[in-house]
2 protein chains.
Amino acid sequence: MPDATKDPSRPAPQRLKGPRKKKGLVIINTGDGKGKTTAALGVLFRAWGRKLNVRMFQFIKHTGAQFGEQRAAKRLGIPMEAMGDGFTWLSKDMERTAALAVEQWERCKDAIVDGDDDIVILDEFTYAMHYGWIAVEEVIETLRRRPSLRHVIITGRYAPEALIEYADLVTEMKVVKHPYKDQGIKAQPGIEF
Amino acid sequence: MPDATKDPSRPAPQRLKGPRKKKGLVIINTGDGKGKTTAALGVLFRAWGRKLNVRMFQFIKHTGAQFGEQRAAKRLGIPMEAMGDGFTWLSKDMERTAALAVEQWERCKDAIVDGDDDIVILDEFTYAMHYGWIAVEEVIETLRRRPSLRHVIITGRYAPEALIEYADLVTEMKVVKHPYKDQGIKAQPGIEF
């Protein structure tokens, strides 16, 4: 049995002593596993608890989607705007999907560069770069122009290398085991959406 | 540039057609990266949005901790109980740390087997198994006895193999890039706690 007092990898303290270097972070949640959007929602929840201003833009998800997160955000008055056509296997009009993403990105730019939010979340935004609808160079240029204390969180698979290079904190969510594929279980409300 | 219409890995639809097999899931968020607790908070947020009953037990974190998540939960009336002594590099009394975890686990058992929550979250619970304070066999036996629709989420590094084997959905959060180590930046309120 490992001895906790000698374990160099046991969890680090959360209340760190000494001066805290304040810096707005660019955070990427990527990979093919679960938890990318969900972890961004967790930050949103924490931030709301601290009375910070947080705003979430959702790409891909249907405009007007009423999943658990939109319902919760609405009840709390947290701005969360889904704008997309559901981009899935079933999407037939990729040009429309792309156009909606570009339109949503224009709003994001305003929020990132101007606006008064402490945290801006761009959910499932990586796809727009991956498929070439929005240039990663333009995204990085926009991030560079933001106020120095503003955090920006970007989620989705296939985060472009240049964005990973620019970001401060990058996590890959990896599938170890997935019930929907392995057991024929479908996504459960409240857990996945 | 990849063609989205031909990409076999583009995101699957979230509103699946056909009958949904309902099943309470055992979900593990593990790995050394960020987002394990945070993704559990995201589920809590979604579930609250759907008016489900959700409850979070926190191990390790100091009893009475007032991080962003505890503040948010308190404001929303979501039960979230931190019970621990902060278990860190600095913890001097591992016996007390262990005893607090065992006491917290007794409450969890009641909530998992009895209780009326749709989702029960055991945050940073893996450490208690990893360090041998609580037997993984007892945990699995308790999970087996829960109502069939109850979801249980367990977070923390070093999830024991037997628990991964038993779980339905397991995600590993992997560090790709970490600012606190690499840039000397400390944890930021609202983002990390």
# chains A, B, ... in the order shown; residues from 1 in each chain; ligands from 1
>>> interface_residues(of="chain B", to="chain A", cutoff="6 Å", atoms="only C-alpha atoms", output="PyMOL selection string")
chain B and resi 2+11-13+20-21+35+38-39+41-43+46-47+49-50+68-69+71-72+88+131+168-179+185-186+190-191
>>> residues_around(residues="Val102 of chain B", least_positions_apart="5", cutoff="10 Å", atoms="only C-alpha atoms", output="list in words")
Phe59, Arg96, Thr97, Arg107, Cys108, Ala128, Trp133 and Ile134 of chain B
>>> atom_distance(atom1="atom CA of Ala101 of chain A", atom2="atom CA of Gly77 of chain A")
23.7 Å
>>> select_by_dssp(residues="segment 21-69 of chain B", states="helix (DSSP H, G or I)", output="list in words")
Lys36, Thr37, Thr38, Ala39, Ala40, Leu41, Gly42, Val43, Leu44, Phe45, Arg46, Ala47, Trp48, Gly49, Gly68 and Glu69 of chain B
>>> select_by_dssp(residues="segment 51-114 of chain B", states="strand (DSSP E or B)", output="list in words")
Val54, Arg55, Met56, Phe57, Gln58, Met80, Glu81 and Ala82 of chain B
>>> write_last_selection(atoms="C-alpha atoms", output="PDB file, in the first residue's frame")
ATOM      1  CA  VAL B  54     -27.837  16.023  -7.008  1.00  0.00           C
ATOM      2  CA  ARG B  55     -25.518  15.863  -4.013  1.00  0.00           C
ATOM      3  CA  MET B  56     -21.760  16.193  -3.732  1.00  0.00           C
ATOM      4  CA  PHE B  57     -19.502  14.819  -1.035  1.00  0.00           C
ATOM      5  CA  GLN B  58     -15.994  16.185  -1.050  1.00  0.00           C
ATOM      6  CA  MET B  80     -22.247  19.868  -1.010  1.00  0.00           C
ATOM      7  CA  GLU B  81     -20.304  18.746   1.995  1.00  0.00           C
ATOM      8  CA  ALA B  82     -16.559  19.119   2.209  1.00  0.00           C
TER       9      ALA B  82
END
>>> residues_around(residues="Thr63 of chain B", least_positions_apart="2", cutoff="6 Å", atoms="only C-alpha atoms", output="list in words")
Ala65, Ala82, Met83 and Gly84 of chain B
>>> atom_distance(atom1="atom CA of Ile121 of chain A", atom2="atom CA of Leu163 of chain A")
15.0 Å
>>> decode(residues="segment 43-152 of chain A", atoms="C-alpha atoms", output="compact mmCIF listing (two decimals), in the first residue's frame")
# COMPACT_ATOMS: atom_id res chain seq x y z
CA VAL A 43 -15.73 26.60 -14.24
CA LEU A 44 -18.83 28.61 -15.06
CA PHE A 45 -20.47 27.25 -11.91
CA ARG A 46 -17.45 28.09 -9.74
CA ALA A 47 -17.14 31.53 -11.26
CA TRP A 48 -20.82 32.24 -10.66
CA GLY A 49 -20.27 31.18 -7.05
CA ARG A 50 -17.59 33.87 -6.80
CA LYS A 51 -19.84 36.43 -8.46
CA LEU A 52 -17.56 36.73 -11.44
CA ASN A 53 -19.00 37.58 -14.85
CA VAL A 54 -18.97 34.58 -17.13
CA ARG A 55 -20.43 34.09 -20.59
CA MET A 56 -20.67 31.02 -22.80
CA PHE A 57 -20.97 30.87 -26.57
CA GLN A 58 -21.87 27.49 -27.95
CA PHE A 59 -21.01 26.52 -31.47
CA ILE A 60 -22.52 23.50 -33.21
CA LYS A 61 -25.40 23.02 -30.75
CA HIS A 62 -28.77 23.99 -32.18
CA THR A 63 -29.81 27.60 -31.82
CA GLY A 64 -32.36 27.63 -29.02
CA ALA A 65 -31.21 24.30 -27.56
CA GLN A 66 -32.69 23.61 -24.14
CA PHE A 67 -30.33 21.09 -22.66
CA GLY A 68 -29.60 21.01 -18.94
CA GLU A 69 -26.92 23.67 -19.17
CA GLN A 70 -29.05 26.18 -21.05
CA ARG A 71 -31.86 25.67 -18.57
CA ALA A 72 -29.55 26.18 -15.61
CA ALA A 73 -27.90 29.23 -17.17
CA LYS A 74 -31.28 30.79 -17.91
CA ARG A 75 -32.42 30.29 -14.33
CA LEU A 76 -29.24 31.98 -13.06
CA GLY A 77 -29.11 34.76 -15.61
CA ILE A 78 -25.77 33.59 -17.05
CA PRO A 79 -25.48 34.48 -20.74
CA MET A 80 -25.26 31.26 -22.76
CA GLU A 81 -25.97 31.42 -26.44
CA ALA A 82 -26.19 28.30 -28.57
CA MET A 83 -25.91 29.07 -32.23
CA GLY A 84 -25.61 26.30 -34.73
CA ASP A 85 -27.59 23.71 -36.60
CA GLY A 86 -26.66 20.69 -34.51
CA PHE A 87 -23.72 19.72 -36.78
CA THR A 88 -23.83 15.95 -36.66
CA TRP A 89 -23.71 12.96 -38.91
CA LEU A 90 -27.12 14.11 -40.06
CA SER A 91 -26.19 17.67 -40.99
CA LYS A 92 -26.82 18.08 -44.71
CA ASP A 93 -25.91 21.68 -45.27
CA MET A 94 -22.30 22.22 -44.23
CA GLU A 95 -22.24 25.69 -45.74
CA ARG A 96 -24.97 26.77 -43.38
CA THR A 97 -23.15 25.14 -40.46
CA ALA A 98 -20.01 27.06 -41.38
CA ALA A 99 -21.86 30.36 -41.84
CA LEU A 100 -23.48 30.06 -38.42
CA ALA A 101 -20.08 29.43 -36.84
CA VAL A 102 -18.57 32.49 -38.50
CA GLU A 103 -21.48 34.62 -37.32
CA GLN A 104 -21.11 33.30 -33.77
CA TRP A 105 -17.35 33.99 -33.89
CA GLU A 106 -18.02 37.66 -34.67
CA ARG A 107 -19.92 37.93 -31.38
CA CYS A 108 -17.16 36.10 -29.54
CA LYS A 109 -14.55 38.54 -30.81
CA ASP A 110 -16.46 41.42 -29.27
CA ALA A 111 -16.75 39.61 -25.95
CA ILE A 112 -13.06 38.63 -25.93
CA VAL A 113 -11.60 42.00 -26.89
CA ASP A 114 -14.23 44.35 -25.46
CA GLY A 115 -17.04 43.28 -23.13
CA ASP A 116 -16.70 43.08 -19.38
CA ASP A 117 -16.68 39.39 -18.61
CA ASP A 118 -14.08 37.78 -16.40
CA ILE A 119 -14.39 34.49 -18.27
CA VAL A 120 -15.53 33.87 -21.85
CA ILE A 121 -16.20 30.27 -22.92
CA LEU A 122 -16.23 29.17 -26.57
CA ASP A 123 -17.79 25.74 -26.50
CA GLU A 124 -17.04 23.31 -29.35
CA PHE A 125 -15.20 26.07 -31.15
CA THR A 126 -12.26 23.92 -32.24
CA TYR A 127 -14.33 22.37 -35.04
CA ALA A 128 -14.69 25.74 -36.72
CA MET A 129 -10.89 25.97 -36.93
CA HIS A 130 -10.36 22.31 -37.75
CA TYR A 131 -12.68 22.47 -40.75
CA GLY A 132 -11.20 25.75 -41.92
CA TRP A 133 -14.23 27.95 -41.38
CA ILE A 134 -12.22 30.29 -39.16
CA ALA A 135 -8.44 30.78 -39.36
CA VAL A 136 -6.53 29.84 -36.22
CA GLU A 137 -4.24 32.85 -36.78
CA GLU A 138 -7.24 35.16 -36.48
CA VAL A 139 -8.27 33.44 -33.28
CA ILE A 140 -4.82 33.82 -31.72
CA GLU A 141 -4.62 37.44 -32.84
CA THR A 142 -7.97 38.09 -31.15
CA LEU A 143 -6.83 36.36 -27.95
CA ARG A 144 -3.68 38.50 -27.90
CA ARG A 145 -5.82 41.65 -27.96
CA ARG A 146 -7.87 40.72 -24.90
CA PRO A 147 -7.50 42.43 -21.49
CA SER A 148 -4.72 40.78 -19.51
CA LEU A 149 -6.96 39.38 -16.76
CA ARG A 150 -9.65 37.88 -19.00
CA HIS A 151 -9.80 34.08 -19.09
CA VAL A 152 -10.91 32.36 -22.29
